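Source file: work_28.csv (CSV, C-alpha atoms and all ligand atoms)
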chain,number,residue,atom,x,y,z
J,21,MET,CA,56.8,9.2,-11.6
J,22,THR,CA,53.5,8.1,-13.1
J,23,LYS,CA,54.2,5.3,-15.6
J,24,PRO,CA,52.6,6.0,-19.0
J,25,LYS,CA,50.0,3.7,-20.5
J,26,LEU,CA,51.8,1.8,-23.3
J,27,PHE,CA,50.7,2.3,-26.9
J,28,ILE,CA,54.1,1.2,-28.1
J,29,PRO,CA,54.0,-2.0,-30.2
J,30,GLY,CA,55.1,-4.2,-27.3
J,31,PRO,CA,55.1,-4.7,-24.5
J,32,VAL,CA,51.6,-3.4,-24.4
J,33,ASP,CA,49.2,-2.4,-21.6
J,34,VAL,CA,48.0,-5.3,-19.4
J,35,ALA,CA,44.5,-5.5,-18.0
J,36,PRO,CA,44.0,-5.4,-14.2
J,37,GLU,CA,42.1,-8.7,-14.4
J,38,THR,CA,45.2,-10.3,-16.0
J,39,TYR,CA,47.4,-9.1,-13.1
J,40,SER,CA,44.9,-10.4,-10.6
J,41,ALA,CA,44.9,-13.8,-12.3
J,42,MET,CA,48.7,-14.0,-12.0
J,43,ALA,CA,48.3,-13.8,-8.2
J,44,GLY,CA,46.8,-17.3,-8.2
J,45,PRO,CA,48.0,-19.9,-5.7
J,46,ALA,CA,51.4,-21.4,-5.9
J,47,ILE,CA,51.2,-25.0,-7.2
J,48,GLY,CA,53.8,-27.7,-7.9
J,49,HIS,CA,54.2,-28.2,-11.6
J,50,ARG,CA,54.5,-32.0,-11.3
J,51,GLY,CA,51.0,-32.5,-9.9
J,52,ALA,CA,47.4,-32.7,-10.7
J,53,ASP,CA,46.7,-29.0,-10.1
J,54,PHE,CA,49.2,-28.0,-12.7
J,55,GLU,CA,48.1,-30.6,-15.2
J,56,GLU,CA,44.5,-29.3,-14.8
J,57,LEU,CA,45.7,-25.7,-15.4
J,58,TYR,CA,47.7,-26.8,-18.5
J,59,ALA,CA,44.8,-28.8,-20.0
J,60,SER,CA,42.3,-26.0,-19.2
J,61,ILE,CA,44.3,-23.5,-21.4
J,62,GLN,CA,44.5,-25.8,-24.4
J,63,PRO,CA,41.0,-25.5,-26.0
J,64,GLY,CA,41.1,-21.7,-25.9
J,65,ILE,CA,44.6,-21.2,-27.2
J,66,ARG,CA,44.2,-23.8,-29.9
J,67,GLN,CA,41.2,-22.0,-31.2
J,68,VAL,CA,43.2,-18.7,-31.3
J,69,VAL,CA,46.0,-20.5,-33.3
J,70,GLY,CA,43.5,-22.4,-35.5
J,71,THR,CA,44.8,-25.9,-34.6
J,72,SER,CA,43.8,-29.2,-33.1
J,73,ARG,CA,47.5,-29.8,-32.2
J,74,PRO,CA,48.9,-29.1,-28.7
J,75,VAL,CA,50.1,-25.6,-27.9
J,76,PHE,CA,53.4,-25.6,-26.0
J,77,PHE,CA,54.4,-23.1,-23.4
J,78,SER,CA,57.9,-21.9,-23.2
J,79,THR,CA,59.1,-19.8,-20.3
J,80,SER,CA,61.2,-17.4,-22.4
J,81,SER,CA,60.6,-14.5,-24.6
J,82,ALA,CA,59.9,-15.2,-28.3
J,83,TRP,CA,63.5,-15.3,-29.2
J,84,GLY,CA,64.0,-18.5,-27.2
J,85,VAL,CA,61.6,-20.4,-29.4
J,86,MET,CA,62.9,-18.5,-32.6
J,87,GLU,CA,66.4,-19.8,-31.8
J,88,GLY,CA,64.8,-23.2,-30.9
J,89,CYS,CA,63.3,-23.4,-34.3
J,90,ILE,CA,66.7,-23.1,-35.9
J,91,ARG,CA,68.3,-25.6,-33.6
J,92,ASN,CA,65.4,-28.2,-33.9
J,93,LEU,CA,64.8,-28.0,-37.6
J,94,VAL,CA,67.7,-26.8,-39.7
J,95,LYS,CA,69.9,-29.6,-41.1
J,96,SER,CA,71.0,-28.5,-44.6
J,97,LYS,CA,70.1,-24.9,-45.0
J,98,VAL,CA,67.6,-22.3,-43.8
J,99,LEU,CA,66.1,-19.5,-45.9
J,100,ASN,CA,65.4,-16.4,-43.8
J,101,LEU,CA,62.9,-13.9,-45.2
J,102,CYS,CA,64.1,-10.5,-44.1
J,103,CYS,CA,62.1,-7.3,-44.2
J,104,GLY,CA,62.8,-5.5,-40.9
J,105,ALA,CA,64.5,-5.7,-37.5
J,106,PHE,CA,63.1,-9.0,-36.2
J,107,SER,CA,63.2,-10.9,-39.5
J,108,ASP,CA,66.7,-9.6,-40.3
J,109,LYS,CA,67.9,-10.7,-36.9
J,110,TRP,CA,66.6,-14.3,-37.4
J,111,PHE,CA,69.2,-14.7,-40.1
J,112,GLY,CA,72.0,-13.6,-37.7
J,113,VAL,CA,70.6,-16.0,-35.1
J,114,ALA,CA,70.7,-18.9,-37.6
J,115,GLU,CA,74.3,-18.1,-38.4
J,116,SER,CA,75.3,-17.8,-34.7
J,117,CYS,CA,73.8,-21.3,-34.2
J,118,GLY,CA,76.3,-22.5,-36.8
J,119,LYS,CA,73.7,-23.2,-39.5
J,120,ASN,CA,73.9,-22.7,-43.2
J,121,ALA,CA,71.7,-19.7,-43.8
J,122,GLU,CA,70.7,-17.6,-46.8
J,123,LYS,CA,68.3,-14.7,-46.9
J,124,ILE,CA,66.0,-12.8,-49.1
J,125,GLN,CA,66.4,-9.2,-48.1
J,126,VAL,CA,63.9,-6.5,-49.0
J,127,GLU,CA,64.0,-2.9,-48.0
J,128,TRP,CA,62.5,-2.1,-44.6
J,129,GLY,CA,58.8,-1.2,-45.1
J,130,GLN,CA,58.4,-3.6,-48.0
J,131,PRO,CA,56.7,-7.0,-47.8
J,132,ILE,CA,58.1,-10.4,-48.9
J,133,ASP,CA,57.1,-11.4,-52.4
J,134,PRO,CA,56.0,-15.1,-52.6
J,135,GLU,CA,57.3,-15.5,-56.1
J,136,VAL,CA,60.8,-14.5,-55.1
J,137,VAL,CA,60.5,-17.1,-52.4
J,138,ARG,CA,59.5,-19.7,-55.0
J,139,GLU,CA,62.5,-18.8,-57.2
J,140,LYS,CA,64.9,-19.0,-54.3
J,141,LEU,CA,63.6,-22.4,-53.1
J,142,SER,CA,63.8,-23.7,-56.7
J,143,GLU,CA,67.6,-23.4,-56.4
J,144,GLY,CA,67.3,-26.3,-53.9
J,145,GLY,CA,69.2,-27.2,-50.8
J,146,PHE,CA,66.8,-25.6,-48.3
J,147,ASP,CA,65.0,-27.5,-45.6
J,148,THR,CA,63.5,-24.6,-43.5
J,149,VAL,CA,62.1,-21.1,-44.1
J,150,THR,CA,61.6,-18.4,-41.5
J,151,LEU,CA,58.9,-15.7,-41.8
J,152,VAL,CA,57.9,-12.9,-39.6
J,153,HIS,CA,54.1,-12.5,-40.3
J,154,ASN,CA,53.7,-9.0,-38.9
J,155,GLU,CA,57.1,-7.2,-39.0
J,156,THR,CA,56.6,-5.1,-35.8
J,157,SER,CA,59.5,-2.8,-36.6
J,158,THR,CA,58.0,-1.6,-39.9
J,159,GLY,CA,54.3,-2.3,-39.6
J,160,VAL,CA,54.4,-4.7,-42.6
J,161,LEU,CA,51.9,-7.5,-42.8
J,162,ASN,CA,53.4,-10.2,-45.0
J,163,PRO,CA,51.2,-12.4,-47.3
J,164,LEU,CA,51.3,-15.5,-45.1
J,165,LYS,CA,48.8,-17.6,-47.0
J,166,GLU,CA,50.5,-17.1,-50.3
J,167,ILE,CA,54.0,-17.7,-48.9
J,168,ALA,CA,52.8,-20.8,-47.1
J,169,GLU,CA,51.4,-22.1,-50.4
J,170,VAL,CA,54.7,-21.6,-52.1
J,171,VAL,CA,56.7,-23.3,-49.3
J,172,LYS,CA,54.2,-26.2,-49.2
J,173,SER,CA,54.8,-26.9,-52.9
J,174,PHE,CA,58.4,-27.9,-52.0
J,175,ASP,CA,59.0,-31.3,-50.5
J,176,ASP,CA,60.6,-31.4,-47.1
J,177,VAL,CA,60.8,-27.6,-46.6
J,178,LEU,CA,59.4,-26.5,-43.3
J,179,LEU,CA,57.8,-23.1,-42.7
J,180,VAL,CA,58.4,-21.4,-39.4
J,181,VAL,CA,56.2,-18.3,-38.7
J,182,ASP,CA,56.6,-15.6,-36.0
J,183,THR,CA,53.2,-14.2,-35.1
J,184,VAL,CA,54.3,-12.2,-32.1
J,185,SER,CA,52.4,-9.1,-33.0
J,186,SER,CA,49.5,-10.7,-35.0
J,187,LEU,CA,48.3,-13.7,-33.1
J,188,SER,CA,44.7,-13.1,-31.8
J,189,ALA,CA,44.6,-9.7,-33.6
J,190,MET,CA,43.6,-11.3,-36.9
J,191,PRO,CA,42.6,-14.8,-38.1
J,192,ILE,CA,45.5,-17.3,-38.5
J,193,ASP,CA,44.7,-20.9,-39.3
J,194,PHE,CA,47.7,-23.1,-38.5
J,195,ASP,CA,46.1,-26.3,-39.7
J,196,LEU,CA,44.6,-25.0,-42.9
J,197,MET,CA,47.6,-22.9,-43.9
J,198,GLY,CA,50.0,-25.8,-43.4
J,199,ILE,CA,52.5,-24.0,-41.2
J,200,ASP,CA,55.1,-26.1,-39.5
J,201,VAL,CA,55.9,-24.0,-36.5
J,202,LEU,CA,54.0,-21.0,-35.3
J,203,LEU,CA,55.2,-19.0,-32.3
J,204,ALA,CA,54.4,-15.9,-30.4
J,205,GLY,CA,55.6,-14.1,-27.3
J,206,VAL,CA,52.7,-13.1,-25.2
J,207,GLN,CA,53.5,-9.4,-24.4
J,208,LYS,CA,52.4,-8.0,-27.7
J,209,ALA,CA,49.1,-9.0,-29.4
J,210,ILE,CA,48.0,-11.3,-26.5
J,211,ALA,CA,48.6,-8.5,-23.9
J,212,LEU,CA,50.2,-10.4,-21.1
J,213,PRO,CA,53.3,-9.2,-19.2
J,214,PRO,CA,56.5,-10.4,-20.9
J,215,GLY,CA,58.0,-13.8,-20.0
J,216,LEU,CA,56.2,-16.5,-21.9
J,217,ALA,CA,56.0,-17.7,-25.5
J,218,VAL,CA,53.5,-20.1,-27.0
J,219,PHE,CA,54.2,-22.3,-30.0
J,220,VAL,CA,52.7,-25.1,-32.1
J,221,THR,CA,54.5,-27.7,-34.2
J,222,SER,CA,53.4,-29.8,-37.1
J,223,GLU,CA,53.9,-33.6,-37.3
J,224,ALA,CA,56.6,-32.9,-39.9
J,225,ALA,CA,58.4,-30.5,-37.6
J,226,GLN,CA,58.4,-33.0,-34.8
J,227,GLU,CA,59.7,-35.7,-37.1
J,228,ARG,CA,62.5,-33.4,-38.3
J,229,ALA,CA,63.4,-32.4,-34.7
J,230,SER,CA,63.7,-36.1,-33.7
J,231,SER,CA,66.3,-36.6,-36.5
J,232,VAL,CA,68.5,-33.6,-35.4
J,233,HIS,CA,71.1,-34.5,-32.8
J,234,ASP,CA,72.3,-31.2,-31.4
J,235,ARG,CA,69.0,-29.5,-30.7
J,236,GLY,CA,69.9,-28.8,-27.1
J,237,TYR,CA,67.6,-29.2,-24.1
J,238,TYR,CA,65.7,-26.1,-23.0
J,239,PHE,CA,63.9,-25.6,-26.3
J,240,ASP,CA,63.9,-29.3,-27.5
J,241,PHE,CA,60.7,-29.8,-29.4
J,242,CYS,CA,60.8,-33.6,-28.5
J,243,GLU,CA,60.9,-32.7,-24.8
J,244,PHE,CA,57.9,-30.4,-25.2
J,245,ALA,CA,55.9,-33.0,-27.1
J,246,LYS,CA,56.8,-35.8,-24.6
J,247,ASN,CA,55.8,-33.7,-21.6
J,248,ASP,CA,52.6,-32.4,-23.3
J,249,GLU,CA,51.3,-35.9,-23.3
J,250,LYS,CA,51.1,-35.6,-19.5
J,251,ASN,CA,49.8,-32.0,-19.7
J,252,ASN,CA,53.2,-30.7,-18.6
J,253,THR,CA,56.3,-28.8,-19.6
J,254,PRO,CA,59.9,-30.0,-19.8
J,255,SER,CA,61.1,-27.7,-17.0
J,256,THR,CA,59.5,-25.5,-14.4
J,257,PRO,CA,57.3,-23.0,-16.2
J,258,SER,CA,56.2,-19.5,-15.1
J,259,ILE,CA,52.9,-20.6,-13.5
J,260,PRO,CA,51.7,-17.1,-13.0
J,261,HIS,CA,51.9,-16.5,-16.8
J,262,LEU,CA,49.8,-19.6,-17.4
J,263,TYR,CA,47.2,-18.3,-15.0
J,264,ALA,CA,47.3,-15.1,-17.0
J,265,LEU,CA,47.1,-16.9,-20.3
J,266,LYS,CA,44.0,-18.8,-19.1
J,267,GLU,CA,42.4,-15.5,-18.0
J,268,ARG,CA,43.2,-13.8,-21.4
J,269,THR,CA,42.1,-16.7,-23.6
J,270,ASP,CA,38.9,-17.0,-21.7
J,271,ALA,CA,38.4,-13.2,-22.2
J,272,MET,CA,39.1,-13.6,-25.9
J,273,LEU,CA,36.5,-16.4,-26.3
J,274,ASN,CA,34.1,-14.4,-24.2
J,275,GLU,CA,34.5,-11.4,-26.5
J,276,GLY,CA,34.4,-13.8,-29.5
J,277,LEU,CA,37.4,-14.1,-31.8
J,278,GLU,CA,35.5,-12.6,-34.8
J,279,ALA,CA,34.5,-9.6,-32.7
J,280,ARG,CA,38.1,-9.3,-31.5
J,281,TYR,CA,39.4,-9.2,-35.1
J,282,VAL,CA,36.8,-6.6,-36.0
J,283,ARG,CA,37.8,-4.5,-33.0
J,284,HIS,CA,41.4,-4.6,-34.1
J,285,ALA,CA,40.6,-3.7,-37.7
J,286,GLN,CA,38.4,-0.8,-36.7
J,287,ASN,CA,40.9,0.6,-34.2
J,288,ASN,CA,43.6,0.3,-36.7
J,289,ALA,CA,41.5,2.0,-39.4
J,290,MET,CA,40.9,4.8,-36.9
J,291,VAL,CA,44.6,5.4,-36.5
J,292,HIS,CA,45.1,5.3,-40.3
J,293,SER,CA,42.4,8.0,-40.9
J,294,TRP,CA,43.8,10.1,-38.1
J,295,GLY,CA,47.2,9.9,-39.9
J,296,GLU,CA,45.6,10.7,-43.2
J,297,LYS,CA,44.0,13.8,-41.7
J,298,HIS,CA,47.5,15.1,-40.7
J,299,GLY,CA,49.1,14.0,-44.0
J,300,PHE,CA,51.3,11.3,-42.3
J,301,GLN,CA,52.4,8.6,-44.7
J,302,LEU,CA,52.3,5.0,-43.7
J,303,LEU,CA,55.6,3.2,-44.3
J,304,PRO,CA,54.2,0.0,-45.8
J,305,PRO,CA,52.4,0.0,-49.1
J,306,GLU,CA,48.7,-0.4,-49.4
J,307,GLY,CA,47.7,-4.1,-49.0
J,308,TYR,CA,50.6,-5.0,-46.7
J,309,ARG,CA,49.7,-2.9,-43.7
J,310,SER,CA,49.6,-4.4,-40.2
J,311,LEU,CA,46.2,-4.5,-38.5
J,312,SER,CA,47.7,-4.3,-35.0
J,313,LEU,CA,50.0,-1.3,-35.3
J,314,SER,CA,50.6,1.6,-37.6
J,315,CYS,CA,54.1,2.7,-38.6
J,316,PHE,CA,54.2,6.3,-40.0
J,317,VAL,CA,57.0,8.1,-41.7
J,318,THR,CA,58.1,11.1,-39.6
J,319,PRO,CA,57.6,14.4,-41.5
J,320,GLU,CA,60.6,16.7,-41.9
J,321,ASN,CA,58.8,19.5,-39.9
J,322,LEU,CA,57.9,17.4,-36.9
J,323,ASP,CA,60.0,17.4,-33.7
J,324,GLN,CA,59.0,13.8,-33.1
J,325,SER,CA,60.9,13.2,-29.8
J,326,GLY,CA,59.6,16.4,-28.3
J,327,TRP,CA,56.0,15.5,-29.3
J,328,ILE,CA,56.2,12.0,-27.9
J,329,LYS,CA,57.7,13.3,-24.7
J,330,SER,CA,55.0,15.9,-24.2
J,331,VAL,CA,52.3,13.4,-24.7
J,332,ARG,CA,54.0,11.1,-22.2
J,333,GLU,CA,54.5,13.8,-19.6
J,334,LYS,CA,51.1,15.5,-19.9
J,335,TYR,CA,48.8,12.6,-20.7
J,336,HIS,CA,50.8,9.6,-19.5
J,337,LEU,CA,50.4,7.9,-22.8
J,338,LEU,CA,53.4,6.5,-24.7
J,339,ILE,CA,53.9,5.8,-28.4
J,340,ASN,CA,57.1,4.7,-30.0
J,341,GLY,CA,59.6,6.8,-32.0
J,342,GLY,CA,60.8,4.1,-34.4
J,343,TYR,CA,62.9,0.9,-34.0
J,344,GLY,CA,66.4,-0.1,-35.1
J,345,LYS,CA,67.7,1.7,-38.2
J,346,ILE,CA,64.5,3.7,-38.7
J,347,LYS,CA,64.4,5.1,-35.2
J,348,GLY,CA,63.6,8.8,-35.3
J,349,LYS,CA,62.5,8.4,-39.0
J,350,THR,CA,59.2,6.7,-38.2
J,351,PHE,CA,56.8,6.5,-35.3
J,352,ARG,CA,54.6,3.6,-34.3
J,353,ILE,CA,51.2,3.4,-32.6
J,354,SER,CA,49.9,0.0,-31.3
J,355,ASN,CA,46.3,-1.0,-31.2
J,356,MET,CA,47.1,-4.5,-29.9
J,357,GLY,CA,45.5,-6.3,-27.0
J,358,ASN,CA,42.7,-4.7,-25.0
J,359,GLU,CA,42.4,-1.3,-26.7
J,360,THR,CA,38.9,0.0,-27.6
J,361,SER,CA,37.8,2.8,-29.8
J,362,ALA,CA,37.5,4.9,-26.7
J,363,THR,CA,41.1,4.4,-25.5
J,364,MET,CA,42.4,4.8,-29.0
J,365,GLN,CA,40.5,8.1,-29.3
J,366,GLN,CA,42.0,9.3,-26.0
J,367,LEU,CA,45.4,8.7,-27.4
J,368,LEU,CA,44.7,10.4,-30.7
J,369,ASP,CA,43.2,13.4,-28.9
J,370,ALA,CA,46.4,13.7,-26.8
J,371,LEU,CA,48.6,13.4,-29.9
J,372,ASP,CA,46.5,16.1,-31.6
J,373,ALA,CA,46.7,18.4,-28.6
J,374,GLU,CA,50.5,18.3,-28.5
J,375,LEU,CA,51.1,18.3,-32.2
J,376,PRO,CA,50.9,22.0,-33.2
J,377,ALA,CA,53.6,23.0,-30.6
J,378,HIS,CA,56.0,20.5,-32.3
J,379,LEU,CA,55.5,21.4,-35.9
J,380,SER,CA,57.6,24.0,-37.6
D,401,LIG,C1,59.0,-8.3,-30.2
D,401,LIG,C2,59.2,-9.2,-31.3
D,401,LIG,C3,60.1,-10.3,-31.2
D,401,LIG,C4,61.0,-10.5,-30.1
D,401,LIG,O1,60.4,-10.8,-28.9
D,401,LIG,P1,61.2,-11.0,-27.6
D,401,LIG,O2,60.0,-11.0,-26.7
D,401,LIG,O3,62.0,-9.8,-27.3
D,401,LIG,O4,61.9,-12.2,-27.7
D,401,LIG,C5,60.2,-11.1,-32.3
D,401,LIG,N1,59.4,-11.0,-33.4
D,401,LIG,C6,58.5,-10.0,-33.5
D,401,LIG,C7,57.7,-9.9,-34.7
D,401,LIG,C8,58.4,-9.1,-32.5
D,401,LIG,O5,57.5,-8.1,-32.6

Show this structure as structure tokens.
Ligand SMILES: *Cc1c(COP(=O)(O)O)cnc(C)c1O
Amino acid sequence: MTKPKLFIPGPVDVAPETYSAMAGPAIGHRGADFEELYASIQPGIRQVVGTSRPVFFSTSSAWGVMEGCIRNLVKSKVLNLCCGAFSDKWFGVAESCGKNAEKIQVEWGQPIDPEVVREKLSEGGFDTVTLVHNETSTGVLNPLKEIAEVVKSFDDVLLVVDTVSSLSAMPIDFDLMGIDVLLAGVQKAIALPPGLAVFVTSEAAQERASSVHDRGYYFDFCEFAKNDEKNNTPSTPSIPHLYALKERTDAMLNEGLEARYVRHAQNNAMVHSWGEKHGFQLLPPEGYRSLSLSCFVTPENLDQSGWIKSVREKYHLLINGGYGKIKGKTFRISNMGNETSATMQQLLDALDAELPAHLS
């Protein structure tokens, strides 16, 4: 069966050039060839993250590093900012790591209010805050800059930010914003096949980690920092993914990061006006809408699963029918990665063609 091209919000479609890059030669990871590859990726990926600090490569999906953040950083108590499937789960992960955890929970589709974060942190006792920048399950873009300012105003509280579906789709400035850990899996906004995560840590995060005794080994931030000094990783990494990351960051810089952000904003706006034309409501409120995906509320008179199935079978294009507890009640369209106005138009045309047959 022909596999559909993915317009689901991750994993996303991968460019043929990226796959070709992955077929690079086998090299030993404790040798000069690897060190050269590692070092060659740094300037590009640091620019994408907005940092002069090293970017670490974890052979895992994003959750590996997300759990790692909890294990490396939380000593007294973590505050999890919960507004959808991924951010909610982070609270559960903190508890399953045996940590003291509290959460601020907002309704799915709503953003996190920085003032509520300030109030909660004022109670005292917290040393870490987790935030999902772009909540992929609901299409909410949280006010990162404002939340970072609030967290920074509290001494010894570290801010951990998941940018899985926003990194490289919009500007994020790790150094300027004063984030302590930023992480992303590569299969969404960066458009690599799944299997690698990238992350950056602040000096304060490294200091904290070095004072935590049961941080484990595979995601130990101190191991990552120590190995980075030799342009290396703690354990054997997925070298094909690093070839691919080099290829994609080169492509990003070639396009120009600003141009890339503009392309994402324009393609996203295209999907929004398409939705407006059909009277589809976006789930998040104005001002808090993702730039890399669109999450619409499913109208009562739409046979959503039949519609998605027809588009997949006839056009080999796939969108997503909602995630977690809003599955079937929402649908999501990704414009992450390498999509252009032409490929987005192709998708919208196919959705249009199949829509009337599934409306009642
Ligand atoms: C997909 C996603 C994750 C989880 O990624 P895995 O690759 O499954 O570990 C975490 N956070 C966000 C925002 C995501 O979109």

Original post:
Of the residues J:Lys208, J:His292, J:Arg352, J:Arg268, which is the one nearest to ligand LIG 401 (chain D), using only C-alpha atoms and all ligand atoms?
Top reply: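 Looking only at the distances to ligand LIG 401 (chain D), the closest residue turns out to be J:Lys208.
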
**OP:** Name the closest residue to Glu87 in chain J among the candidates J:Phe239, J:Lys25, J:Thr183, J:Cys103; distances are taken between atoms, counting all atoms listed in the file.
**Re:**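 Using all atoms listed in the file, the shortest distance to Glu87 in chain J belongs to J:Phe239.
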
**OP:** For Leu277 in chain J, please output as a PyMOL selection string all residues within 9 Å (counting all atoms listed in the file; exclusion window: fewer than 2 positions along the same chain).
**Re:** chain J and resi 67-68+188-191+272-275+279-282

Keeping only C-alpha atoms, take the residues you just selected and write them out as a short mmCIF file (atom, residue, chain, number, x, y, z; two decimals), keeping the file's coordinate frame.
data_model
loop_
_atom_site.label_atom_id
_atom_site.label_comp_id
_atom_site.auth_asym_id
_atom_site.auth_seq_id
_atom_site.Cartn_x
_atom_site.Cartn_y
_atom_site.Cartn_z
CA GLN J 67 41.20 -22.00 -31.20
CA VAL J 68 43.20 -18.70 -31.30
CA SER J 188 44.70 -13.10 -31.80
CA ALA J 189 44.60 -9.70 -33.60
CA MET J 190 43.60 -11.30 -36.90
CA PRO J 191 42.60 -14.80 -38.10
CA MET J 272 39.10 -13.60 -25.90
CA LEU J 273 36.50 -16.40 -26.30
CA ASN J 274 34.10 -14.40 -24.20
CA GLU J 275 34.50 -11.40 -26.50
CA ALA J 279 34.50 -9.60 -32.70
CA ARG J 280 38.10 -9.30 -31.50
CA TYR J 281 39.40 -9.20 -35.10
CA VAL J 282 36.80 -6.60 -36.00
#

Subject >> Interatomic distance, CA of Met42 in chain J to CA of Tyr263 in chain J (Å, one decimal) >> reply: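 CA of Tyr263 in chain J lies 5.5 Å from CA of Met42 in chain J.
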
**OP:** Around ligand LIG 401 (chain D), at most 8 Å away and counting all atoms listed in the file, which residues are there? Put them as a list in words, please.
**Re:**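 Residues lying within 8 Å of ligand LIG 401 (chain D): Pro29, Gly30, Pro31, Ser80, Ser81, Ala82, Trp83, Gly84, Met86, Phe106, Ser107, Val152, His153, Asn154, Glu155, Thr156, Ser157, Asp182, Thr183, Val184, Ser185, Ala204, Gly205, Val206, Gln207, Lys208, Pro214, Gly215 and Ala217 of chain J.
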
Output C-alpha atoms for every residue in the selection just made, as a short mmCIF file (atom, residue, chain, number, x, y, z; two decimals), keeping the file's coordinate frame.
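part_16.cif was written with the following content:
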data_model
loop_
_atom_site.label_atom_id
_atom_site.label_comp_id
_atom_site.auth_asym_id
_atom_site.auth_seq_id
_atom_site.Cartn_x
_atom_site.Cartn_y
_atom_site.Cartn_z
CA PRO J 29 54.00 -2.00 -30.20
CA GLY J 30 55.10 -4.20 -27.30
CA PRO J 31 55.10 -4.70 -24.50
CA SER J 80 61.20 -17.40 -22.40
CA SER J 81 60.60 -14.50 -24.60
CA ALA J 82 59.90 -15.20 -28.30
CA TRP J 83 63.50 -15.30 -29.20
CA GLY J 84 64.00 -18.50 -27.20
CA MET J 86 62.90 -18.50 -32.60
CA PHE J 106 63.10 -9.00 -36.20
CA SER J 107 63.20 -10.90 -39.50
CA VAL J 152 57.90 -12.90 -39.60
CA HIS J 153 54.10 -12.50 -40.30
CA ASN J 154 53.70 -9.00 -38.90
CA GLU J 155 57.10 -7.20 -39.00
CA THR J 156 56.60 -5.10 -35.80
CA SER J 157 59.50 -2.80 -36.60
CA ASP J 182 56.60 -15.60 -36.00
CA THR J 183 53.20 -14.20 -35.10
CA VAL J 184 54.30 -12.20 -32.10
CA SER J 185 52.40 -9.10 -33.00
CA ALA J 204 54.40 -15.90 -30.40
CA GLY J 205 55.60 -14.10 -27.30
CA VAL J 206 52.70 -13.10 -25.20
CA GLN J 207 53.50 -9.40 -24.40
CA LYS J 208 52.40 -8.00 -27.70
CA PRO J 214 56.50 -10.40 -20.90
CA GLY J 215 58.00 -13.80 -20.00
CA ALA J 217 56.00 -17.70 -25.50
#
